[in-house]
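Content type CSV, C-alpha atoms, from the file upload13.csv:
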```
chain,number,residue,atom,x,y,z
P,10,MET,CA,143.6,56.5,8.6
P,11,PRO,CA,145.7,55.9,5.4
P,12,GLU,CA,149.3,56.9,5.4
P,13,SER,CA,150.3,60.0,3.5
P,14,GLY,CA,151.7,59.4,0.1
P,15,PRO,CA,154.5,61.2,-1.7
P,16,SER,CA,152.2,63.8,-3.2
P,17,ASP,CA,150.6,64.5,0.2
P,18,VAL,CA,154.1,65.0,1.8
P,19,GLN,CA,155.2,67.3,-1.0
P,20,GLU,CA,152.0,69.4,-0.6
P,21,ARG,CA,152.5,69.6,3.1
P,22,ARG,CA,156.1,70.9,2.5
P,23,ARG,CA,154.8,73.5,0.2
P,24,ASP,CA,152.2,74.6,2.7
P,25,LEU,CA,154.9,74.7,5.4
P,26,ALA,CA,157.1,76.9,3.2
P,27,ALA,CA,154.2,79.2,2.4
P,28,PHE,CA,153.1,79.4,6.1
P,29,LEU,CA,156.7,80.3,7.2
P,30,ARG,CA,157.1,82.9,4.5
P,31,SER,CA,153.7,84.5,5.3
P,32,ARG,CA,154.5,84.8,9.0
P,33,ARG,CA,158.0,86.0,8.4
P,34,GLU,CA,156.8,88.8,6.1
P,35,ARG,CA,154.2,90.0,8.6
P,36,ILE,CA,156.9,91.0,11.2
P,37,THR,CA,158.6,94.3,10.6
P,38,PRO,CA,162.3,94.8,11.6
P,39,ARG,CA,161.1,97.4,14.1
P,40,GLU,CA,158.7,95.0,15.7
P,41,ALA,CA,161.5,92.5,16.1
P,42,GLY,CA,163.8,95.2,17.6
P,43,LEU,CA,166.3,95.1,14.7
P,44,PRO,CA,168.2,98.2,13.6
P,45,SER,CA,167.2,99.9,10.4
P,46,THR,CA,169.3,99.0,7.4
P,47,GLY,CA,167.9,101.3,4.7
P,48,ARG,CA,165.7,100.2,1.8
P,49,ARG,CA,164.4,96.6,1.9
P,50,ARG,CA,163.0,94.5,-0.9
P,51,THR,CA,161.0,92.2,1.5
P,52,PRO,CA,158.0,93.5,3.4
P,53,GLY,CA,159.1,91.9,6.7
P,54,LEU,CA,162.1,90.1,8.1
P,55,ARG,CA,164.8,88.7,5.8
P,56,ARG,CA,165.4,85.0,6.0
P,57,GLU,CA,168.8,85.5,7.6
P,58,GLU,CA,167.3,87.9,10.2
P,59,LEU,CA,164.7,85.3,11.2
P,60,ALA,CA,167.4,82.6,11.3
P,61,LEU,CA,169.5,84.7,13.7
P,62,LEU,CA,166.5,85.4,15.9
P,63,ALA,CA,165.7,81.7,16.0
P,64,GLY,CA,169.3,80.7,16.6
P,65,MET,CA,169.8,78.6,13.6
P,66,SER,CA,171.7,78.4,10.3
P,67,ALA,CA,170.4,80.8,7.6
P,68,THR,CA,171.1,78.2,4.9
P,69,TRP,CA,169.1,75.5,6.8
P,70,TYR,CA,166.2,77.8,7.3
P,71,THR,CA,166.2,78.8,3.6
P,72,TYR,CA,166.0,75.1,2.7
P,73,LEU,CA,163.0,74.7,5.0
P,74,GLU,CA,161.2,77.7,3.5
P,75,GLN,CA,162.0,76.3,0.0
P,76,GLY,CA,160.1,73.1,0.9
P,77,ARG,CA,163.1,70.9,0.6
P,78,ASP,CA,163.2,67.3,2.0
P,79,ILE,CA,164.4,68.1,5.6
P,80,ARG,CA,163.0,67.3,9.0
P,81,ALA,CA,162.8,69.9,11.7
P,82,SER,CA,163.0,68.8,15.3
P,83,ASP,CA,160.7,69.9,18.1
P,84,GLN,CA,163.4,72.3,19.3
P,85,VAL,CA,163.8,73.9,15.9
P,86,LEU,CA,160.0,74.3,15.5
P,87,ASP,CA,159.8,75.8,19.0
P,88,ALA,CA,162.6,78.3,18.1
P,89,LEU,CA,160.8,79.3,14.9
P,90,ALA,CA,157.5,79.6,16.6
P,91,ASP,CA,159.0,82.0,19.2
P,92,ALA,CA,160.9,84.1,16.6
P,93,LEU,CA,157.7,84.3,14.5
P,94,ARG,CA,155.6,85.3,17.5
P,95,LEU,CA,153.1,82.5,16.8
P,96,ASP,CA,150.0,82.1,19.0
P,97,ALA,CA,149.0,78.7,20.3
P,98,HIS,CA,146.9,77.8,17.3
P,99,GLU,CA,149.6,78.9,14.8
P,100,ARG,CA,152.2,76.9,16.8
P,101,ASP,CA,150.1,73.8,16.6
P,102,HIS,CA,149.6,74.4,12.8
P,103,LEU,CA,153.3,74.8,12.3
P,104,PHE,CA,154.0,71.4,14.0
P,105,ARG,CA,151.4,69.6,12.0
P,106,LEU,CA,152.7,71.1,8.7
P,107,ALA,CA,156.2,69.9,9.7
P,108,GLY,CA,154.8,66.4,10.2
P,109,ARG,CA,155.2,66.5,14.0
P,110,ALA,CA,152.3,66.4,16.5
P,111,PRO,CA,152.5,69.2,19.0
P,112,ALA,CA,154.3,68.1,22.2
P,113,ALA,CA,151.8,67.4,24.9
P,114,GLY,CA,152.4,67.7,28.6
P,115,GLU,CA,156.0,68.7,28.4
P,116,ALA,CA,157.5,71.7,30.1
P,117,GLY,CA,158.6,73.9,27.2
P,118,PRO,CA,160.8,77.0,27.0
P,119,VAL,CA,159.4,80.3,27.9
P,120,PRO,CA,158.8,82.3,24.8
P,121,VAL,CA,161.4,84.9,24.0
P,122,ALA,CA,160.2,88.5,23.4
P,123,PRO,CA,161.4,89.7,20.0
P,124,GLU,CA,162.9,92.9,21.5
P,125,VAL,CA,164.9,90.7,23.9
P,126,ALA,CA,166.0,88.3,21.2
P,127,ALA,CA,167.3,91.3,19.2
P,128,VAL,CA,169.6,92.6,21.9
P,129,PRO,CA,172.7,90.5,20.9
P,130,LEU,CA,172.5,92.0,17.4
P,131,LEU,CA,172.6,95.5,18.9
P,132,ILE,CA,175.8,94.6,20.9
P,133,GLN,CA,177.8,93.5,17.8
P,134,PRO,CA,180.8,93.4,17.4
P,135,HIS,CA,181.1,92.1,20.9
P,136,PRO,CA,180.0,88.5,21.3
P,137,ALA,CA,176.6,88.4,23.0
P,138,PHE,CA,173.9,85.7,23.2
P,139,LEU,CA,170.7,84.8,25.1
P,140,ILE,CA,170.5,81.4,26.7
P,141,ASP,CA,167.9,79.5,28.6
P,142,GLY,CA,168.3,77.1,31.6
P,143,THR,CA,169.4,74.2,29.4
P,144,TYR,CA,172.1,76.4,27.8
P,145,GLU,CA,170.3,76.5,24.5
P,146,VAL,CA,171.1,79.6,22.6
P,147,LEU,CA,167.9,81.5,22.0
P,148,SER,CA,169.5,84.3,20.0
P,149,HIS,CA,173.1,85.4,19.2
P,150,ASN,CA,175.1,87.8,17.1
P,151,PRO,CA,177.6,87.0,14.3
P,152,ALA,CA,180.6,87.7,16.7
P,153,THR,CA,179.4,84.7,18.8
P,154,GLU,CA,179.8,82.4,15.8
P,155,ARG,CA,183.3,83.8,15.1
P,156,VAL,CA,184.5,83.4,18.7
P,157,PHE,CA,182.8,79.9,19.3
P,158,PRO,CA,183.3,78.1,15.9
P,159,GLY,CA,181.1,75.1,15.5
P,160,LEU,CA,178.4,76.4,17.9
P,161,VAL,CA,176.0,76.8,15.0
P,162,THR,CA,175.6,73.7,12.9
P,163,ALA,CA,174.2,73.1,9.5
P,164,ASP,CA,171.4,70.8,10.6
P,165,GLY,CA,169.1,73.6,11.8
P,166,ARG,CA,169.3,72.4,15.4
P,167,ARG,CA,169.3,75.2,18.0
P,168,PRO,CA,172.8,75.9,19.3
P,169,ASN,CA,173.6,74.7,22.8
P,170,PHE,CA,176.7,75.7,24.8
P,171,ALA,CA,176.7,72.5,26.9
P,172,ARG,CA,176.7,70.4,23.8
P,173,TRP,CA,179.3,72.6,22.1
P,174,THR,CA,181.7,72.4,25.2
P,175,PHE,CA,181.6,68.6,25.5
P,176,LEU,CA,180.7,67.3,22.0
P,177,GLU,CA,182.3,69.8,19.6
P,178,PRO,CA,186.1,68.9,19.1
P,179,ARG,CA,187.0,72.5,18.4
P,180,ALA,CA,185.8,73.6,21.9
P,181,ARG,CA,188.9,72.0,23.4
P,182,GLU,CA,191.1,74.2,21.2
P,183,VAL,CA,189.1,77.4,21.7
P,184,LEU,CA,188.7,77.1,25.5
P,185,VAL,CA,192.3,77.4,26.7
P,186,ASP,CA,191.3,76.2,30.1
P,187,TRP,CA,188.9,73.5,28.8
P,188,GLU,CA,188.8,71.2,31.8
P,189,PRO,CA,188.0,73.7,34.6
P,190,GLU,CA,185.6,75.5,32.2
P,191,ALA,CA,183.8,72.3,31.3
P,192,ARG,CA,183.6,71.1,34.9
P,193,GLY,CA,182.1,74.4,36.0
P,194,LEU,CA,179.6,74.3,33.2
P,195,LEU,CA,178.5,70.8,34.1
P,196,ALA,CA,178.2,71.8,37.7
P,197,ARG,CA,175.8,74.6,36.6
P,198,VAL,CA,173.8,72.2,34.5
P,199,ARG,CA,173.5,69.8,37.4
P,200,SER,CA,172.2,72.7,39.6
P,201,LEU,CA,169.7,73.8,37.1
P,202,ALA,CA,168.6,70.2,36.3
P,203,GLY,CA,168.0,69.6,40.1
P,204,ALA,CA,165.8,72.7,40.2
P,205,HIS,CA,163.7,71.3,37.3
P,206,ALA,CA,163.4,67.7,38.2
P,207,GLY,CA,161.1,65.9,35.7
P,208,ASP,CA,161.6,68.5,33.0
P,209,PRO,CA,162.3,66.4,29.8
P,210,ARG,CA,164.4,69.1,28.3
P,211,PHE,CA,167.0,68.7,31.0
P,212,ARG,CA,166.7,64.9,30.9
P,213,ARG,CA,167.4,64.9,27.2
P,214,LEU,CA,170.4,67.2,27.5
P,215,VAL,CA,172.0,65.2,30.4
P,216,GLU,CA,171.4,61.9,28.5
P,217,GLU,CA,173.0,63.3,25.3
P,218,LEU,CA,176.0,64.6,27.2
P,219,HIS,CA,176.5,61.2,29.0
P,220,GLU,CA,176.3,59.4,25.7
P,221,GLY,CA,178.9,61.6,23.9
P,222,SER,CA,181.4,62.5,26.7
P,223,ALA,CA,183.5,60.3,28.9
P,224,GLU,CA,184.3,63.3,31.1
P,225,VAL,CA,180.6,63.8,31.8
P,226,ARG,CA,180.2,60.2,32.7
P,227,ASP,CA,183.2,60.6,35.1
P,228,TRP,CA,182.3,63.9,36.6
P,229,TRP,CA,178.5,63.7,36.9
P,230,PRO,CA,178.5,61.2,39.9
P,231,ARG,CA,180.6,63.7,41.9
P,232,PHE,CA,177.5,65.9,42.3
P,233,GLU,CA,179.3,69.1,41.9
P,234,VAL,CA,177.0,72.2,41.7
P,235,GLU,CA,177.6,75.8,40.9
P,236,ALA,CA,175.5,78.9,40.2
P,237,ARG,CA,175.7,81.0,37.1
P,238,GLY,CA,177.7,84.2,37.2
P,239,GLY,CA,180.2,86.4,35.4
P,240,GLY,CA,184.0,86.1,35.3
P,241,HIS,CA,186.9,85.8,32.9
P,242,LYS,CA,187.6,83.2,30.1
P,243,ARG,CA,190.6,82.6,27.9
P,244,LEU,CA,189.7,81.9,24.3
P,245,ARG,CA,192.0,81.0,21.4
P,246,SER,CA,191.3,83.1,18.4
P,247,PRO,CA,191.4,81.8,14.8
P,248,ASP,CA,194.9,83.2,14.3
P,249,GLY,CA,196.2,81.2,17.3
P,250,GLY,CA,196.4,84.1,19.8
P,251,VAL,CA,194.8,83.9,23.2
P,252,VAL,CA,192.3,86.6,24.3
P,253,THR,CA,191.1,87.0,27.9
P,254,TYR,CA,187.5,87.9,27.8
P,255,ALA,CA,185.5,89.4,30.7
P,256,TYR,CA,181.9,88.2,30.5
P,257,THR,CA,178.8,89.4,32.4
P,258,ALA,CA,175.4,87.8,32.7
P,259,PHE,CA,172.0,89.5,32.9
P,260,HIS,CA,168.6,88.0,33.5
P,261,ALA,CA,165.8,89.2,31.2
P,262,ALA,CA,163.1,91.0,33.1
P,263,GLY,CA,160.3,88.6,34.1
P,264,ARG,CA,162.2,85.7,32.6
P,265,PRO,CA,164.8,84.5,35.2
P,266,GLU,CA,165.9,81.5,33.1
P,267,GLN,CA,166.7,83.6,30.1
P,268,THR,CA,170.2,85.0,30.5
P,269,LEU,CA,171.9,87.6,28.3
P,270,VAL,CA,175.7,87.0,28.3
P,271,ILE,CA,178.1,89.6,26.9
P,272,TYR,CA,181.8,89.2,26.3
P,273,ALA,CA,184.4,92.0,26.2
P,274,ALA,CA,188.1,91.6,25.5
P,275,PRO,CA,190.2,93.8,27.8
P,276,ASN,CA,193.5,92.7,26.3
P,277,ALA,CA,194.9,92.0,22.8
P,278,PRO,CA,195.8,88.5,21.5
P,279,SER,CA,198.9,87.2,23.1
```

Rewrite the structure from the file as structure tokens, please.
Amino acid sequence: MPESGPSDVQERRRDLAAFLRSRRERITPREAGLPSTGRRRTPGLRREELALLAGMSATWYTYLEQGRDIRASDQVLDALADALRLDAHERDHLFRLAGRAPAAGEAGPVPVAPEVAAVPLLIQPHPAFLIDGTYEVLSHNPATERVFPGLVTADGRRPNFARWTFLEPRAREVLVDWEPEARGLLARVRSLAGAHAGDPRFRRLVEELHEGSAEVRDWWPRFEVEARGGGHKRLRSPDGGVVTYAYTAFHAAGRPEQTLVIYAAPNAPS
């Protein structure tokens, strides 16, 4: 089969942009579980609303829908497919338009129900987010981005708290007790990875953390394990003050690996 030429690639980008727009416009805010915001000029979700539900940068998603020359990873396409409520055939079509063959034989994330993905937005202004077993952020609200700067990147990749903790330099400033927090998170990742032996999502995450973090390379052989739970966490705010947050985790009904985490600040910055 001949390789695709420039005109073919440009046409595929235009088709991808049109497909994304058509699927975005068919989902009403009510169906997505979003609060009413008065009159709307678009028949369905706004671009920034879909980006929030998919856990990605609104600017990056806009570029994708404009047909610009950017490549979407499998993780990004999966997130969009979930947020757009695509069926199996539509999901395959999305991957093909993006120039990526649908992943075969891999264990993928469990689809996120739109009404569940919308919950963090309803909890604003308190930081709240939904994560899966690999600590990928399935949905979040704006307060999450404010409290955890650098969590959402401009490359369109789905945010991930494990990557942020170990690979984002700002995490060591934000997490006042970075080392015990990071060691506890890594212990939870090891517990979850052990329960999903052979799942390529966990393998890719562990490999990436090993490649980018000397601490992971040092701590991983210690085989520390830990279960997820609630607790307290000291975070440094943008003005330099320290806020002690209490956080609680809830599992989505019927989706034990999808966890809603809510933060509340019982004290003022110190």

Let me make sure I understand: among P:Arg231, P:Arg179, P:Arg94, P:Arg77, which one has the smallest atom-to-atom distance to Pro123 (chain P) if we use all atoms listed in the file?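 Looking at the shortest contact to Pro123 (chain P), the residue is P:Arg94.
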
By how many Å are CA of Arg245 (chain P) and CA of Val183 (chain P) apart?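 According to the coordinates, CA of Arg245 (chain P) and CA of Val183 (chain P) are separated by 4.6 Å.
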
Å distance separating CA of Val18 (chain P) from CA of Leu61 (chain P), one decimal place: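 Computing it gives 27.7 Å between the two atoms.
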
Nearby residues (only C-alpha atoms) at most 10 Å from Gly108 (chain P), same-chain spacing under 4 positions excluded, as a list in words: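 Everything that qualifies: Val18, Arg21, Arg22, Leu25, Arg80, Ala81, Ser82, His102, Leu103 and Phe104 of chain P.
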
Report, in Å with one decimal, the straight-line distance from CA of Asn169 (chain P) to CA of Ala196 (chain P). 15.9 Å

Counting only C-alpha atoms, which residues have an atom no more than 12 Å from (182.8, 89.8, 25.6) in the file's coordinates? Please list them as a CSV table (one decimal) with C-alpha atoms, in the coordinates of the input.
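Wrote it out as out_25.csv, contents follow:
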```csv
chain,number,residue,atom,x,y,z
P,129,PRO,CA,172.7,90.5,20.9
P,132,ILE,CA,175.8,94.6,20.9
P,133,GLN,CA,177.8,93.5,17.8
P,134,PRO,CA,180.8,93.4,17.4
P,135,HIS,CA,181.1,92.1,20.9
P,136,PRO,CA,180.0,88.5,21.3
P,137,ALA,CA,176.6,88.4,23.0
P,138,PHE,CA,173.9,85.7,23.2
P,150,ASN,CA,175.1,87.8,17.1
P,152,ALA,CA,180.6,87.7,16.7
P,153,THR,CA,179.4,84.7,18.8
P,156,VAL,CA,184.5,83.4,18.7
P,157,PHE,CA,182.8,79.9,19.3
P,239,GLY,CA,180.2,86.4,35.4
P,240,GLY,CA,184.0,86.1,35.3
P,241,HIS,CA,186.9,85.8,32.9
P,242,LYS,CA,187.6,83.2,30.1
P,243,ARG,CA,190.6,82.6,27.9
P,244,LEU,CA,189.7,81.9,24.3
P,252,VAL,CA,192.3,86.6,24.3
P,253,THR,CA,191.1,87.0,27.9
P,254,TYR,CA,187.5,87.9,27.8
P,255,ALA,CA,185.5,89.4,30.7
P,256,TYR,CA,181.9,88.2,30.5
P,257,THR,CA,178.8,89.4,32.4
P,258,ALA,CA,175.4,87.8,32.7
P,269,LEU,CA,171.9,87.6,28.3
P,270,VAL,CA,175.7,87.0,28.3
P,271,ILE,CA,178.1,89.6,26.9
P,272,TYR,CA,181.8,89.2,26.3
P,273,ALA,CA,184.4,92.0,26.2
P,274,ALA,CA,188.1,91.6,25.5
P,275,PRO,CA,190.2,93.8,27.8
P,276,ASN,CA,193.5,92.7,26.3
```

Looking at P:Ala236, P:Leu147, P:Leu176, P:Ala171, which one is nearest to Ala127 (chain P), with distances taken over all atoms listed in the file?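 Among the listed residues, the smallest separation from Ala127 (chain P) belongs to P:Leu147.
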
Select all residues near (168.7, 76.3, 9.8) (cut-off 10 Å, inclusive, file coordinates), counting all atoms listed in the file, and output them as a PDB file with C-alpha atoms, keeping the file's coordinate frame.
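The resulting file, result18.pdb, is shown below:
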```pdb
ATOM      1  CA  GLU P  57     168.800  85.500   7.600  1.00  0.00           C
ATOM      2  CA  LEU P  59     164.700  85.300  11.200  1.00  0.00           C
ATOM      3  CA  ALA P  60     167.400  82.600  11.300  1.00  0.00           C
ATOM      4  CA  LEU P  61     169.500  84.700  13.700  1.00  0.00           C
ATOM      5  CA  ALA P  63     165.700  81.700  16.000  1.00  0.00           C
ATOM      6  CA  GLY P  64     169.300  80.700  16.600  1.00  0.00           C
ATOM      7  CA  MET P  65     169.800  78.600  13.600  1.00  0.00           C
ATOM      8  CA  SER P  66     171.700  78.400  10.300  1.00  0.00           C
ATOM      9  CA  ALA P  67     170.400  80.800   7.600  1.00  0.00           C
ATOM     10  CA  THR P  68     171.100  78.200   4.900  1.00  0.00           C
ATOM     11  CA  TRP P  69     169.100  75.500   6.800  1.00  0.00           C
ATOM     12  CA  TYR P  70     166.200  77.800   7.300  1.00  0.00           C
ATOM     13  CA  THR P  71     166.200  78.800   3.600  1.00  0.00           C
ATOM     14  CA  TYR P  72     166.000  75.100   2.700  1.00  0.00           C
ATOM     15  CA  LEU P  73     163.000  74.700   5.000  1.00  0.00           C
ATOM     16  CA  GLU P  74     161.200  77.700   3.500  1.00  0.00           C
ATOM     17  CA  ALA P  81     162.800  69.900  11.700  1.00  0.00           C
ATOM     18  CA  VAL P  85     163.800  73.900  15.900  1.00  0.00           C
ATOM     19  CA  LEU P  89     160.800  79.300  14.900  1.00  0.00           C
ATOM     20  CA  VAL P 161     176.000  76.800  15.000  1.00  0.00           C
ATOM     21  CA  THR P 162     175.600  73.700  12.900  1.00  0.00           C
ATOM     22  CA  ALA P 163     174.200  73.100   9.500  1.00  0.00           C
ATOM     23  CA  ASP P 164     171.400  70.800  10.600  1.00  0.00           C
ATOM     24  CA  GLY P 165     169.100  73.600  11.800  1.00  0.00           C
ATOM     25  CA  ARG P 166     169.300  72.400  15.400  1.00  0.00           C
ATOM     26  CA  ARG P 167     169.300  75.200  18.000  1.00  0.00           C
TER      27      ARG P 167
END
```

With distances taken over all atoms listed in the file, which residue among P:Pro209, P:Gly53, P:Pro265, P:Gly221 lies nearest Trp173 (chain P)?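 Checking each of P:Pro209, P:Gly53, P:Pro265, P:Gly221 against Trp173 (chain P), counting all atoms listed in the file, the winner is P:Gly221.
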
Nearest to Ser222 (chain P), chosen from P:Asp141, P:Glu154, P:Glu58, P:Glu177, with only C-alpha atoms counted in the distances: P:Glu177

In terms of only C-alpha atoms, the residue from P:Asp186, P:Leu93, P:Val225, P:Thr268 at minimal distance from Ile36 (chain P) is P:Leu93

Quick one: of P:Thr37, P:Gln267, P:Ser200, P:Ser31, who's nearest to Pro120 (chain P), counting all atoms listed in the file?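 Going through P:Thr37, P:Gln267, P:Ser200, P:Ser31 one by one, the smallest distance to Pro120 (chain P) is for P:Gln267.
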